[in-house]
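K.L.:
Just one file: query.cif, with mmCIF, C-alpha atoms.
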```cif
data_final
#
loop_
_atom_site.label_atom_id
_atom_site.label_comp_id
_atom_site.auth_asym_id
_atom_site.auth_seq_id
_atom_site.Cartn_x
_atom_site.Cartn_y
_atom_site.Cartn_z
CA MET A 29 -30.87 -36.84 -142.94
CA HIS A 30 -29.62 -34.15 -140.56
CA LEU A 31 -32.73 -34.69 -138.41
CA ASN A 32 -31.99 -38.43 -138.17
CA TYR A 33 -28.45 -37.76 -136.93
CA ARG A 34 -29.79 -35.38 -134.33
CA ASN A 35 -32.35 -37.92 -133.12
CA ILE A 36 -29.67 -40.59 -132.92
CA LEU A 37 -27.41 -38.24 -130.93
CA ILE A 38 -30.21 -37.39 -128.51
CA THR A 39 -30.99 -41.09 -128.08
CA VAL A 40 -27.35 -41.96 -127.42
CA VAL A 41 -26.92 -39.13 -124.91
CA PHE A 42 -30.12 -40.17 -123.14
CA LEU A 43 -29.04 -43.81 -122.95
CA LEU A 44 -25.63 -42.81 -121.61
CA PHE A 45 -27.27 -40.55 -119.06
CA ILE A 46 -29.60 -43.21 -117.65
CA SER A 47 -27.08 -46.05 -117.84
CA PHE A 48 -24.11 -44.23 -116.31
CA PRO A 49 -25.23 -44.70 -112.66
CA PHE A 50 -25.33 -48.48 -113.15
CA VAL A 51 -21.94 -48.56 -114.86
CA ASN A 52 -20.51 -46.21 -112.25
CA GLY A 53 -21.88 -48.43 -109.49
CA ARG A 54 -19.52 -51.15 -110.65
CA ILE A 55 -16.37 -49.19 -111.53
CA ASN A 56 -16.86 -46.16 -109.24
CA ILE A 57 -15.65 -43.40 -111.56
CA VAL A 58 -17.66 -40.69 -109.81
CA LYS A 59 -18.48 -40.66 -106.10
CA ASP A 60 -21.99 -39.75 -105.00
CA ILE A 61 -22.60 -36.79 -102.70
CA LYS A 62 -24.23 -36.92 -99.29
CA SER A 63 -28.00 -36.76 -99.38
CA SER A 64 -29.49 -33.56 -97.95
CA GLU A 65 -32.94 -35.08 -97.49
CA ASN A 66 -34.16 -34.77 -93.93
CA ARG A 67 -35.26 -38.40 -93.56
CA GLY A 68 -33.89 -41.89 -93.20
CA MET A 69 -33.35 -43.89 -96.39
CA LYS A 70 -35.01 -47.27 -96.87
CA LYS A 71 -32.91 -50.25 -95.88
CA GLU A 72 -32.59 -53.35 -98.05
CA PRO A 73 -35.39 -55.80 -97.12
CA LEU A 74 -34.71 -59.39 -96.20
CA PHE A 75 -35.92 -61.98 -98.68
CA ASP A 76 -38.51 -64.04 -96.81
CA THR A 77 -40.10 -66.98 -98.64
CA THR A 78 -42.96 -67.06 -96.11
CA ASN A 79 -44.03 -63.54 -97.03
CA ILE A 80 -42.80 -63.14 -100.59
CA ASN A 81 -45.68 -60.93 -101.78
CA VAL A 82 -44.38 -57.85 -99.95
CA TYR A 83 -40.77 -58.22 -101.11
CA PRO A 84 -41.03 -56.66 -104.62
CA LEU A 85 -42.57 -53.42 -103.35
CA ALA A 86 -40.19 -53.24 -100.37
CA TYR A 87 -37.18 -53.77 -102.66
CA GLU A 88 -38.45 -51.14 -105.11
CA GLU A 89 -38.71 -48.60 -102.28
CA PHE A 90 -35.20 -49.52 -101.15
CA TYR A 91 -33.78 -49.20 -104.67
CA ASN A 92 -35.50 -45.88 -105.31
CA ASP A 93 -33.72 -44.51 -102.23
CA ASN A 94 -30.33 -46.06 -102.93
CA PHE A 95 -29.60 -46.36 -106.66
CA PRO A 96 -26.07 -45.20 -107.68
CA LEU A 97 -25.50 -41.41 -107.92
CA ARG A 98 -29.06 -40.74 -106.75
CA SER A 99 -28.14 -37.60 -104.79
CA ARG A 100 -26.13 -36.15 -107.68
CA TYR A 101 -28.98 -36.71 -110.11
CA ILE A 102 -31.48 -35.13 -107.72
CA LYS A 103 -29.21 -32.10 -107.31
CA LEU A 104 -28.85 -31.84 -111.10
CA PHE A 105 -32.63 -32.08 -111.53
CA ASN A 106 -33.22 -29.42 -108.89
CA SER A 107 -30.63 -27.07 -110.38
CA PHE A 108 -32.18 -27.48 -113.83
CA ASN A 109 -35.63 -26.59 -112.50
CA LEU A 110 -34.41 -23.66 -110.42
CA ASN A 111 -31.86 -22.12 -112.81
CA ILE A 112 -33.25 -22.97 -116.24
CA LEU A 113 -37.00 -23.32 -115.77
CA ASP A 114 -37.20 -20.94 -112.77
CA LYS A 115 -39.64 -23.14 -110.89
CA SER A 116 -39.79 -25.28 -107.77
CA PRO A 117 -38.49 -28.84 -108.20
CA VAL A 118 -41.14 -29.95 -105.68
CA PRO A 119 -44.13 -27.65 -106.37
CA ASP A 120 -46.47 -29.84 -104.33
CA GLN A 121 -44.28 -29.21 -101.26
CA VAL A 122 -42.49 -25.86 -101.63
CA ILE A 123 -43.55 -22.63 -103.35
CA ILE A 124 -40.95 -20.16 -104.62
CA GLY A 125 -42.07 -16.64 -103.81
CA LYS A 126 -40.59 -13.26 -104.65
CA GLU A 127 -37.05 -12.17 -103.73
CA GLY A 128 -35.93 -15.62 -102.61
CA TRP A 129 -38.78 -16.26 -100.16
CA LEU A 130 -39.97 -19.86 -99.86
CA TYR A 131 -43.30 -21.13 -98.51
CA PHE A 132 -44.76 -24.54 -97.74
CA ALA A 133 -47.44 -25.74 -100.17
CA ASN A 134 -49.53 -27.53 -97.54
CA GLU A 135 -51.85 -26.23 -94.81
CA GLU A 136 -49.83 -23.02 -94.82
CA LEU A 137 -50.94 -22.40 -98.40
CA ASP A 138 -54.56 -23.11 -97.41
CA ILE A 139 -54.26 -20.55 -94.61
CA TYR A 140 -52.97 -17.91 -97.02
CA LYS A 141 -55.68 -18.66 -99.58
CA GLY A 142 -58.38 -18.67 -96.91
CA LYS A 143 -59.39 -22.25 -97.62
CA ASN A 144 -60.47 -25.01 -95.21
CA ARG A 145 -61.40 -22.48 -92.57
CA PHE A 146 -62.80 -23.69 -89.26
CA SER A 147 -66.45 -24.67 -89.23
CA GLU A 148 -68.81 -23.40 -86.53
CA LYS A 149 -68.69 -26.87 -85.00
CA GLU A 150 -64.86 -26.81 -84.83
CA LEU A 151 -64.80 -23.31 -83.38
CA GLU A 152 -67.21 -24.37 -80.66
CA GLU A 153 -65.10 -27.46 -79.92
CA PHE A 154 -62.06 -25.22 -79.48
CA ARG A 155 -64.05 -23.03 -77.10
CA LEU A 156 -65.33 -25.95 -75.02
CA GLU A 157 -61.87 -27.48 -74.72
CA LEU A 158 -60.02 -24.26 -73.89
CA ASP A 159 -62.71 -23.24 -71.40
CA TYR A 160 -62.42 -26.67 -69.78
CA ARG A 161 -58.66 -26.25 -69.42
CA THR A 162 -59.03 -22.70 -68.10
CA ASN A 163 -61.50 -23.82 -65.43
CA TYR A 164 -59.49 -26.92 -64.52
CA LEU A 165 -56.33 -24.85 -63.96
CA GLU A 166 -58.18 -22.04 -62.19
CA LYS A 167 -59.25 -24.51 -59.50
CA LEU A 168 -55.54 -25.18 -58.97
CA GLY A 169 -54.77 -21.47 -58.75
CA ILE A 170 -53.13 -21.42 -62.19
CA LYS A 171 -53.70 -18.89 -64.98
CA TYR A 172 -54.09 -20.32 -68.49
CA TYR A 173 -53.17 -18.48 -71.72
CA PHE A 174 -53.54 -19.49 -75.36
CA MET A 175 -51.48 -18.18 -78.28
CA VAL A 176 -51.32 -19.01 -81.99
CA ALA A 177 -47.91 -18.80 -83.70
CA PRO A 178 -48.79 -17.32 -87.11
CA SER A 179 -48.02 -19.01 -90.39
CA LYS A 180 -45.28 -17.21 -92.31
CA SER A 181 -47.54 -16.16 -95.22
CA THR A 182 -49.96 -14.36 -92.87
CA ILE A 183 -47.17 -12.02 -91.75
CA TYR A 184 -45.36 -11.82 -95.09
CA PRO A 185 -48.04 -12.18 -97.78
CA GLU A 186 -46.30 -9.67 -100.06
CA TYR A 187 -43.68 -12.23 -101.12
CA MET A 188 -46.19 -14.86 -102.20
CA PRO A 189 -46.42 -15.45 -105.99
CA VAL A 190 -49.03 -13.28 -107.72
CA SER A 191 -50.52 -16.49 -109.16
CA VAL A 192 -51.75 -17.50 -105.69
CA VAL A 193 -55.12 -15.87 -105.07
CA GLN A 194 -56.62 -15.20 -101.63
CA GLU A 195 -60.28 -16.03 -101.03
CA ASN A 196 -60.29 -14.72 -97.45
CA LYS A 197 -57.56 -12.64 -95.79
CA GLU A 198 -58.49 -13.65 -92.24
CA SER A 199 -56.15 -16.49 -91.26
CA TRP A 200 -57.16 -19.60 -89.33
CA GLY A 201 -55.53 -18.27 -86.17
CA GLU A 202 -57.28 -14.92 -86.38
CA GLN A 203 -60.59 -16.62 -87.09
CA LEU A 204 -60.17 -18.72 -83.94
CA ILE A 205 -58.92 -15.87 -81.73
CA ASN A 206 -61.78 -13.60 -82.81
CA TYR A 207 -64.27 -16.35 -81.97
CA LEU A 208 -62.71 -17.07 -78.58
CA ASN A 209 -62.55 -13.40 -77.65
CA LYS A 210 -66.32 -13.18 -78.16
CA LYS A 211 -67.43 -16.45 -76.57
CA SER A 212 -64.70 -17.98 -74.40
CA VAL A 213 -63.23 -17.37 -70.94
CA VAL A 214 -59.71 -18.37 -72.06
CA LYS A 215 -57.09 -15.61 -72.07
CA THR A 216 -55.83 -15.25 -75.66
CA ILE A 217 -52.58 -13.66 -76.78
CA ASN A 218 -52.75 -12.17 -80.28
CA VAL A 219 -49.27 -11.66 -81.76
CA TYR A 220 -50.46 -10.94 -85.31
CA THR A 221 -50.70 -7.19 -84.75
CA THR A 222 -47.24 -6.71 -83.23
CA LEU A 223 -45.57 -8.97 -85.80
CA ARG A 224 -47.17 -7.14 -88.72
CA ALA A 225 -46.33 -3.76 -87.19
CA ASN A 226 -42.65 -4.69 -87.00
CA SER A 227 -42.38 -6.90 -90.10
CA LYS A 228 -41.23 -4.08 -92.40
CA LYS A 229 -38.35 -3.00 -90.15
CA GLU A 230 -36.49 -6.29 -90.49
CA ASN A 231 -37.33 -9.89 -91.37
CA LEU A 232 -39.08 -11.63 -88.48
CA TYR A 233 -39.30 -14.97 -90.31
CA TYR A 234 -36.64 -16.89 -92.20
CA LYS A 235 -36.84 -16.60 -95.98
CA ILE A 236 -35.79 -20.24 -96.49
CA ASP A 237 -37.49 -21.76 -93.45
CA ASN A 238 -41.12 -21.63 -92.27
CA HIS A 239 -40.27 -20.56 -88.70
CA TRP A 240 -39.94 -17.11 -87.23
CA ASN A 241 -36.37 -16.13 -86.41
CA MET A 242 -35.01 -14.84 -83.11
CA LEU A 243 -36.29 -11.34 -83.83
CA GLY A 244 -39.77 -12.74 -84.41
CA GLY A 245 -39.41 -14.74 -81.20
CA PHE A 246 -38.45 -11.53 -79.37
CA TYR A 247 -41.58 -9.66 -80.46
CA GLY A 248 -43.73 -12.73 -79.76
CA ALA A 249 -42.29 -13.11 -76.25
CA ASN A 250 -42.70 -9.41 -75.51
CA GLU A 251 -46.40 -9.57 -76.44
CA ILE A 252 -46.84 -12.64 -74.23
CA ILE A 253 -45.29 -10.80 -71.28
CA ARG A 254 -47.31 -7.64 -72.00
CA VAL A 255 -50.58 -9.60 -71.74
CA MET A 256 -49.52 -11.62 -68.68
CA LYS A 257 -48.34 -8.45 -66.94
CA LYS A 258 -52.02 -7.57 -66.33
CA ASP A 259 -52.23 -10.56 -63.96
CA PHE A 260 -48.56 -10.58 -62.91
CA PRO A 261 -47.33 -6.96 -62.67
CA GLN A 262 -43.86 -8.07 -61.56
CA LEU A 263 -43.13 -9.18 -65.16
CA SER A 264 -41.29 -6.80 -67.51
CA THR A 265 -41.18 -6.37 -71.27
CA HIS A 266 -37.81 -5.71 -72.91
CA LYS A 267 -36.17 -3.47 -75.51
CA LEU A 268 -33.95 -4.49 -78.41
CA SER A 269 -31.32 -2.08 -77.06
CA GLU A 270 -30.82 -4.44 -74.10
CA TYR A 271 -29.24 -7.05 -76.41
CA SER A 272 -26.13 -7.44 -78.50
CA ILE A 273 -27.29 -8.87 -81.82
CA LYS A 274 -24.94 -10.86 -84.04
CA LYS A 275 -25.88 -11.93 -87.57
CA GLU A 276 -24.52 -14.69 -89.76
CA GLN A 277 -25.39 -15.91 -93.23
CA ILE A 278 -26.96 -19.36 -93.58
CA LYS A 279 -27.43 -21.51 -96.67
CA GLU A 280 -30.06 -23.96 -95.50
CA GLY A 281 -33.51 -23.94 -93.90
CA ASN A 282 -36.19 -26.61 -93.72
CA LEU A 283 -37.70 -25.30 -96.98
CA SER A 284 -34.54 -24.91 -99.06
CA LYS A 285 -33.37 -28.30 -97.75
CA MET A 286 -36.20 -29.87 -99.74
CA PHE A 287 -34.39 -28.80 -102.91
CA SER A 288 -31.68 -31.34 -101.99
CA GLY A 289 -28.51 -29.30 -101.95
CA SER A 290 -29.21 -26.91 -104.83
CA GLY A 291 -27.37 -24.15 -102.92
CA ASN A 292 -29.40 -21.39 -104.60
CA PHE A 293 -30.78 -19.71 -101.49
CA ARG A 294 -29.33 -17.61 -98.68
CA ASP A 295 -30.69 -16.20 -95.43
CA VAL A 296 -29.57 -14.53 -92.19
CA ARG A 297 -29.66 -15.88 -88.64
CA CYS A 298 -29.60 -13.61 -85.60
CA PHE A 299 -28.12 -14.35 -82.17
CA PHE A 300 -29.26 -12.32 -79.14
CA THR A 301 -27.06 -11.88 -76.07
CA PRO A 302 -28.29 -9.80 -73.10
CA LYS A 303 -25.78 -7.01 -72.50
CA LYS A 304 -26.07 -7.55 -68.73
CA GLY A 305 -25.68 -11.31 -69.07
CA ARG A 306 -28.21 -14.13 -68.86
CA LYS A 307 -30.03 -14.66 -65.58
CA ALA A 308 -31.64 -18.03 -66.32
CA VAL A 309 -29.60 -21.22 -66.05
CA GLU A 310 -30.60 -24.54 -67.60
CA VAL A 311 -31.30 -27.33 -65.11
CA ALA A 312 -31.71 -31.07 -65.45
CA LYS A 313 -34.65 -32.50 -67.36
CA LYS A 314 -37.08 -34.62 -65.34
CA TYR A 315 -39.90 -35.74 -67.64
CA PRO A 316 -39.81 -38.87 -69.83
CA VAL A 317 -40.17 -38.25 -73.55
CA ILE A 318 -43.51 -39.34 -74.95
CA LYS A 319 -43.58 -42.53 -77.00
CA ASN A 320 -42.53 -42.41 -80.67
CA PHE A 321 -41.33 -38.79 -80.51
CA SER A 322 -38.05 -38.70 -82.44
CA MET A 323 -36.94 -35.20 -81.38
CA ILE A 324 -35.81 -36.40 -77.96
CA ASN A 325 -33.59 -33.41 -77.14
CA ASP A 326 -36.38 -30.95 -77.93
CA TYR A 327 -39.06 -32.49 -75.71
CA GLU A 328 -38.16 -30.63 -72.51
CA LYS A 329 -36.10 -27.61 -71.58
CA THR A 330 -36.10 -26.15 -68.08
CA MET A 331 -34.50 -22.92 -66.90
CA GLU A 332 -34.31 -21.34 -63.45
CA ILE A 333 -33.29 -17.95 -62.07
CA LYS A 334 -31.67 -18.22 -58.66
CA ASP A 335 -33.33 -16.32 -55.80
CA SER A 336 -36.06 -14.98 -58.09
CA HIS A 337 -39.54 -14.31 -56.71
CA LYS A 338 -41.17 -14.03 -60.11
CA PRO A 339 -43.89 -16.49 -61.24
CA LYS A 340 -43.28 -20.03 -62.52
CA ILE A 341 -44.46 -20.95 -66.00
CA LEU A 342 -45.15 -24.19 -67.91
CA ILE A 343 -45.16 -23.77 -71.69
CA ILE A 344 -46.72 -26.43 -73.93
CA THR A 345 -45.59 -25.72 -77.45
CA ASP A 346 -43.98 -26.90 -80.70
CA SER A 347 -40.84 -25.85 -82.57
CA PHE A 348 -42.10 -22.24 -82.69
CA GLY A 349 -41.79 -22.01 -78.93
CA ALA A 350 -37.99 -22.33 -78.96
CA HIS A 351 -37.08 -18.80 -80.06
CA ALA A 352 -39.72 -17.18 -77.85
CA TYR A 353 -38.51 -19.30 -74.91
CA GLU A 354 -35.03 -17.76 -75.13
CA PHE A 355 -36.61 -14.50 -73.94
CA LEU A 356 -39.43 -15.84 -71.76
CA SER A 357 -37.05 -17.90 -69.62
CA GLU A 358 -35.39 -14.65 -68.50
CA GLU A 359 -38.65 -13.43 -66.89
CA PHE A 360 -39.73 -16.39 -64.76
CA SER A 361 -38.19 -17.96 -61.68
CA ARG A 362 -38.72 -21.39 -63.22
CA SER A 363 -39.79 -22.04 -66.81
CA VAL A 364 -40.48 -25.48 -68.25
CA LYS A 365 -40.97 -25.84 -72.01
CA ILE A 366 -42.55 -29.05 -73.29
CA PHE A 367 -42.71 -29.88 -77.01
CA ASP A 368 -45.31 -32.65 -76.90
CA ALA A 369 -45.12 -33.72 -80.56
CA TRP A 370 -47.79 -31.31 -81.79
CA ASN A 371 -50.39 -32.87 -79.50
CA TYR A 372 -50.97 -29.65 -77.54
CA MET A 373 -52.33 -31.58 -74.58
CA LEU A 374 -53.16 -30.22 -71.15
CA ASN A 375 -50.45 -32.52 -69.72
CA GLU A 376 -52.10 -32.76 -66.31
CA ASP A 377 -49.33 -34.97 -64.92
CA ILE A 378 -46.68 -32.30 -65.56
CA VAL A 379 -49.00 -29.54 -64.29
CA LEU A 380 -49.55 -31.35 -60.99
CA LYS A 381 -45.82 -31.97 -60.51
CA GLU A 382 -44.70 -28.48 -61.52
CA LYS A 383 -47.46 -26.48 -59.77
CA PRO A 384 -46.77 -23.43 -61.97
CA ASP A 385 -48.42 -20.05 -61.64
CA ILE A 386 -49.00 -19.94 -65.39
CA VAL A 387 -49.62 -22.45 -68.17
CA LEU A 388 -49.13 -21.15 -71.69
CA LEU A 389 -50.16 -23.05 -74.82
CA ILE A 390 -48.46 -21.96 -78.06
CA SER A 391 -49.82 -23.72 -81.14
CA PHE A 392 -48.46 -23.31 -84.67
CA GLU A 393 -51.32 -22.09 -86.86
CA PRO A 394 -51.35 -24.97 -89.43
CA ARG A 395 -51.41 -27.51 -86.56
CA LEU A 396 -54.36 -26.04 -84.65
CA ARG A 397 -56.69 -28.90 -85.52
CA TYR A 398 -54.30 -31.29 -83.73
CA LEU A 399 -55.54 -29.77 -80.48
CA LEU A 400 -59.04 -31.06 -81.25
CA LYS A 401 -57.64 -34.59 -81.48
CA ASN A 402 -56.42 -34.37 -77.88
CA GLN A 403 -59.30 -32.89 -75.93
CA SER A 404 -58.92 -33.30 -72.19
CA ARG A 405 -62.61 -32.60 -71.58
CA LEU A 406 -63.58 -35.61 -73.71
CA LYS A 407 -61.15 -37.87 -71.88
CA ASN A 408 -62.60 -36.66 -68.60
CA ILE A 409 -66.13 -37.48 -69.81
CA GLU A 410 -65.00 -40.98 -70.82
CA LYS A 411 -63.54 -41.57 -67.33
CA LYS A 412 -66.87 -40.66 -65.76
#
```
Show me, as structure tokens, the structure contained in the file I just sent.

P.N.:
Amino acid sequence: MHLNYRNILITVVFLLFISFPFVNGRINIVKDIKSSENRGMKKEPLFDTTNINVYPLAYEEFYNDNFPLRSRYIKLFNSFNLNILDKSPVPDQVIIGKEGWLYFANEELDIYKGKNRFSEKELEEFRLELDYRTNYLEKLGIKYYFMVAPSKSTIYPEYMPVSVVQENKESWGEQLINYLNKKSVVKTINVYTTLRANSKKENLYYKIDNHWNMLGGFYGANEIIRVMKKDFPQLSTHKLSEYSIKKEQIKEGNLSKMFSGSGNFRDVRCFFTPKKGRKAVEVAKKYPVIKNFSMINDYEKTMEIKDSHKPKILIITDSFGAHAYEFLSEEFSRSVKIFDAWNYMLNEDIVLKEKPDIVLLISFEPRLRYLLKNQSRLKNIEKK
């Protein structure tokens, strides 16, 4: 009899739990919280009798995004998984590592495991394309450099869960760089060594975000300058002692944000200020944003140093380029950074207008294959 009462109680509690949002939607006892999801919610579809077949699915998608108290229930679900079950609420998207470190469970996990490595055919395609770009720019008197921004787990593998097994410790970026160094004419910049050498001193990547932080950007930029200095001796590397560094605690990164406001994770953000003041000044943007790229403000950034005789640089990059650019812009008379929506194109039109001394391509390691989708050499063949 006692068991029956318990079953009844569980049933009643469950029914109250699932019905409360609908009741609350009418009498508004509890207000919902703001969604922390980094996307737009579905809007209610119009009922169209001429195309009625698509309406049920469209309305279901709308309702799934907008049912009463949705954000509160998601936060409750996430907190239950994190605090009670000690596991990721979205294990197919985010992995919880050791000591509060979070990692993406996508291509970045494949890179760590050593899966889906580049085939010989892909490696050769990279070589052909990067050699084509190097030769194209050389005819214009421009030096071309190629750099891979490492995936977080390749620099900080020690915080990955012990349950994740590596098949091959050589990352995609290192596999590609090693191949290019043997067979290509392109000038590569390998930041893996310097990042690993400095990774134990202080965190170079965010714990709750998949990007490197400003300190990681500093070491990356210094390695870029060190390599370029062989061709441009007027460039100078820098020391940490040249900057005032301020730190502040943050509660949200692009990884922890996927837990929808659980509030369980903390991290630190650094701000670098040159002790002698900044030389580079931002100037007006001049290039139209490519079609369908939502991050309009991130597409172009241009800095200039007045009366400088140092080289000019054009940087084609992604979100990883931002922190490195803070330091690189202080070394060039004019520096243009273009975030071309992970296309990593040659961007001949911008090259011809800018006439830089240097073009630098920085590609985030998990997005390297995107470069093969935008091969300038193939477009040139098609034109012929």

K.L.:
Once the PyMOL selection byres ((chain A and resi 244) around 10) has been applied to the shown file, what residues remain in the selection, as a ChimeraX atom specification?

P.N.:
/A:219,222-223,226-227,230-234,239-243,245-250,348,351-352

K.L.:
Give as a PyMOL selection string the residues that the PyMOL selection byres ((chain A and resi 300) around 8) matches when applied to the coordinates above.

P.N.:
chain A and resi 242+271-274+298-299+301-302

K.L.:
What is the CA of Gly142 (chain A)-CA of Gln203 (chain A) distance in Å, reported with one decimal?

P.N.:
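Interatomic distance, CA of Gly142 (chain A) to CA of Gln203 (chain A): 10.3 Å.
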
K.L.:
Find the distance between CA of Ile236 (chain A) and CA of Asp138 (chain A) and write it in Å to one decimal.

P.N.:
19.0 Å

K.L.:
If we count only C-alpha atoms and set the cut-off at 8 Å, which residues sit around region 124-131 of chain A, ignoring sequence neighbours fewer than 6 positions away in its own chain? Please answer as a ChimeraX atom specification.

P.N.:
/A:115-116,137,180-181,187-189,235-238,283-284,293-294

K.L.:
Could you check which of A:Thr182, A:Asn144, A:Asn282, A:Asn206 is closest to Val122 (chain A), using only C-alpha atoms?

P.N.:
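With only C-alpha atoms as the atom set, the closest residue is A:Asn282.
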
K.L.:
Taking the file as I've supplied it (selection: the PyMOL selection byres ((chain A and resi 276) around 7)), which residues are included? Please answer as a short mmCIF file (atom, residue, chain, number, x, y, z; two decimals) with C-alpha atoms, in the coordinates of the input.

P.N.:
```cif
data_model
loop_
_atom_site.label_atom_id
_atom_site.label_comp_id
_atom_site.auth_asym_id
_atom_site.auth_seq_id
_atom_site.Cartn_x
_atom_site.Cartn_y
_atom_site.Cartn_z
CA LYS A 274 -24.94 -10.86 -84.04
CA LYS A 275 -25.88 -11.93 -87.57
CA GLN A 277 -25.39 -15.91 -93.23
CA ILE A 278 -26.96 -19.36 -93.58
CA VAL A 296 -29.57 -14.53 -92.19
CA ARG A 297 -29.66 -15.88 -88.64
CA CYS A 298 -29.60 -13.61 -85.60
#
```

K.L.:
Which of these, A:Ser179, A:Ser212, A:Thr162, A:Asn134, has the shortest distance to Leu374 (chain A) once you count only C-alpha atoms?

P.N.:
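Comparing A:Ser179, A:Ser212, A:Thr162, A:Asn134 against Leu374 (chain A), the winner is A:Thr162.
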
K.L.:
Please compute the CA of Lys319 (chain A)-CA of Pro178 (chain A) distance, one decimal, in Å.

P.N.:
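Computing it gives 27.7 Å between the two atoms.
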
K.L.:
Which is closest to Arg362 (chain A) among A:Ile341, A:Leu263, A:Leu37, A:Val176, if we use only C-alpha atoms?

P.N.:
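For Arg362 (chain A), the nearest of the given residues is A:Ile341.
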
K.L.:
Choose the residue, out of A:Ile139, A:Val309, A:Ala369, A:Leu208, that has the smallest atom-to-atom separation from Asn402 (chain A); count all atoms listed in the file.

P.N.:
A:Ala369

K.L.:
For Ser147 (chain A), find every residue with an atom within 12 Å (counting all atoms listed in the file), except residues of its own chain fewer than 4 positions away, and show them as a list in words.

P.N.:
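In the requested format, the answer is Lys143, Leu151, Glu152, Glu153, Phe154, Trp200, Gln203, Leu204, Tyr207 and Arg397 of chain A.
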
K.L.:
Keeping only C-alpha atoms, write those residues as a CSV table (one decimal), keeping the file's coordinate frame.

P.N.:
```csv
chain,number,residue,atom,x,y,z
A,143,LYS,CA,-59.4,-22.2,-97.6
A,151,LEU,CA,-64.8,-23.3,-83.4
A,152,GLU,CA,-67.2,-24.4,-80.7
A,153,GLU,CA,-65.1,-27.5,-79.9
A,154,PHE,CA,-62.1,-25.2,-79.5
A,200,TRP,CA,-57.2,-19.6,-89.3
A,203,GLN,CA,-60.6,-16.6,-87.1
A,204,LEU,CA,-60.2,-18.7,-83.9
A,207,TYR,CA,-64.3,-16.4,-82.0
A,397,ARG,CA,-56.7,-28.9,-85.5
```

K.L.:
Find the spatial neighbours of Tyr315 (chain A), counting only C-alpha atoms, within a cut-off of 12 Å - ignore same-chain residues fewer than 5 positions away - and output them as an NGL selection string.

P.N.:
:A and (324-330 or 364-368 or 375 or 377-379 or 381-382)

K.L.:
With all atoms listed in the file as the atoms that count, which of A:Lys258, A:Lys314, A:Arg145, A:His337 lies nearest to Lys197 (chain A)?

P.N.:
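Nearest candidate to Lys197 (chain A) out of A:Lys258, A:Lys314, A:Arg145, A:His337: A:Arg145.
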
K.L.:
What lies within 8 Å of Ala133 (chain A) using all atoms listed in the file, ignoring chain neighbours under 3 positions off, as a list of chain:residue names?

P.N.:
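Residues near the query, excluding close chain neighbours: A:Pro119, A:Asp120, A:Gln121, A:Val122, A:Ile123, A:Glu136, A:Leu137.
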
K.L.:
May I ask which of the residues A:Val255, A:Leu406, A:Lys141, A:Asn163 is the closest one to Val193 (chain A), counting only C-alpha atoms?

P.N.:
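Using only C-alpha atoms, Val193 (chain A) sits closest to A:Lys141.
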
K.L.:
Select all residues near (-45.9, -18.7, -62.7) (cut-off 9 Å, inclusive, file coordinates), counting all atoms listed in the file, and output them as a PDB file with C-alpha atoms, in the frame of the given file.

P.N.:
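Saved the output as out-v7.pdb:
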```pdb
ATOM      1  CA  ILE A 170     -53.130 -21.420 -62.190  1.00  0.00           C
ATOM      2  CA  LYS A 171     -53.700 -18.890 -64.980  1.00  0.00           C
ATOM      3  CA  PHE A 260     -48.560 -10.580 -62.910  1.00  0.00           C
ATOM      4  CA  LYS A 338     -41.170 -14.030 -60.110  1.00  0.00           C
ATOM      5  CA  PRO A 339     -43.890 -16.490 -61.240  1.00  0.00           C
ATOM      6  CA  LYS A 340     -43.280 -20.030 -62.520  1.00  0.00           C
ATOM      7  CA  ILE A 341     -44.460 -20.950 -66.000  1.00  0.00           C
ATOM      8  CA  LEU A 342     -45.150 -24.190 -67.910  1.00  0.00           C
ATOM      9  CA  PHE A 360     -39.730 -16.390 -64.760  1.00  0.00           C
ATOM     10  CA  SER A 361     -38.190 -17.960 -61.680  1.00  0.00           C
ATOM     11  CA  ARG A 362     -38.720 -21.390 -63.220  1.00  0.00           C
ATOM     12  CA  SER A 363     -39.790 -22.040 -66.810  1.00  0.00           C
ATOM     13  CA  LYS A 383     -47.460 -26.480 -59.770  1.00  0.00           C
ATOM     14  CA  PRO A 384     -46.770 -23.430 -61.970  1.00  0.00           C
ATOM     15  CA  ASP A 385     -48.420 -20.050 -61.640  1.00  0.00           C
ATOM     16  CA  ILE A 386     -49.000 -19.940 -65.390  1.00  0.00           C
ATOM     17  CA  VAL A 387     -49.620 -22.450 -68.170  1.00  0.00           C
TER      18      VAL A 387
END
```
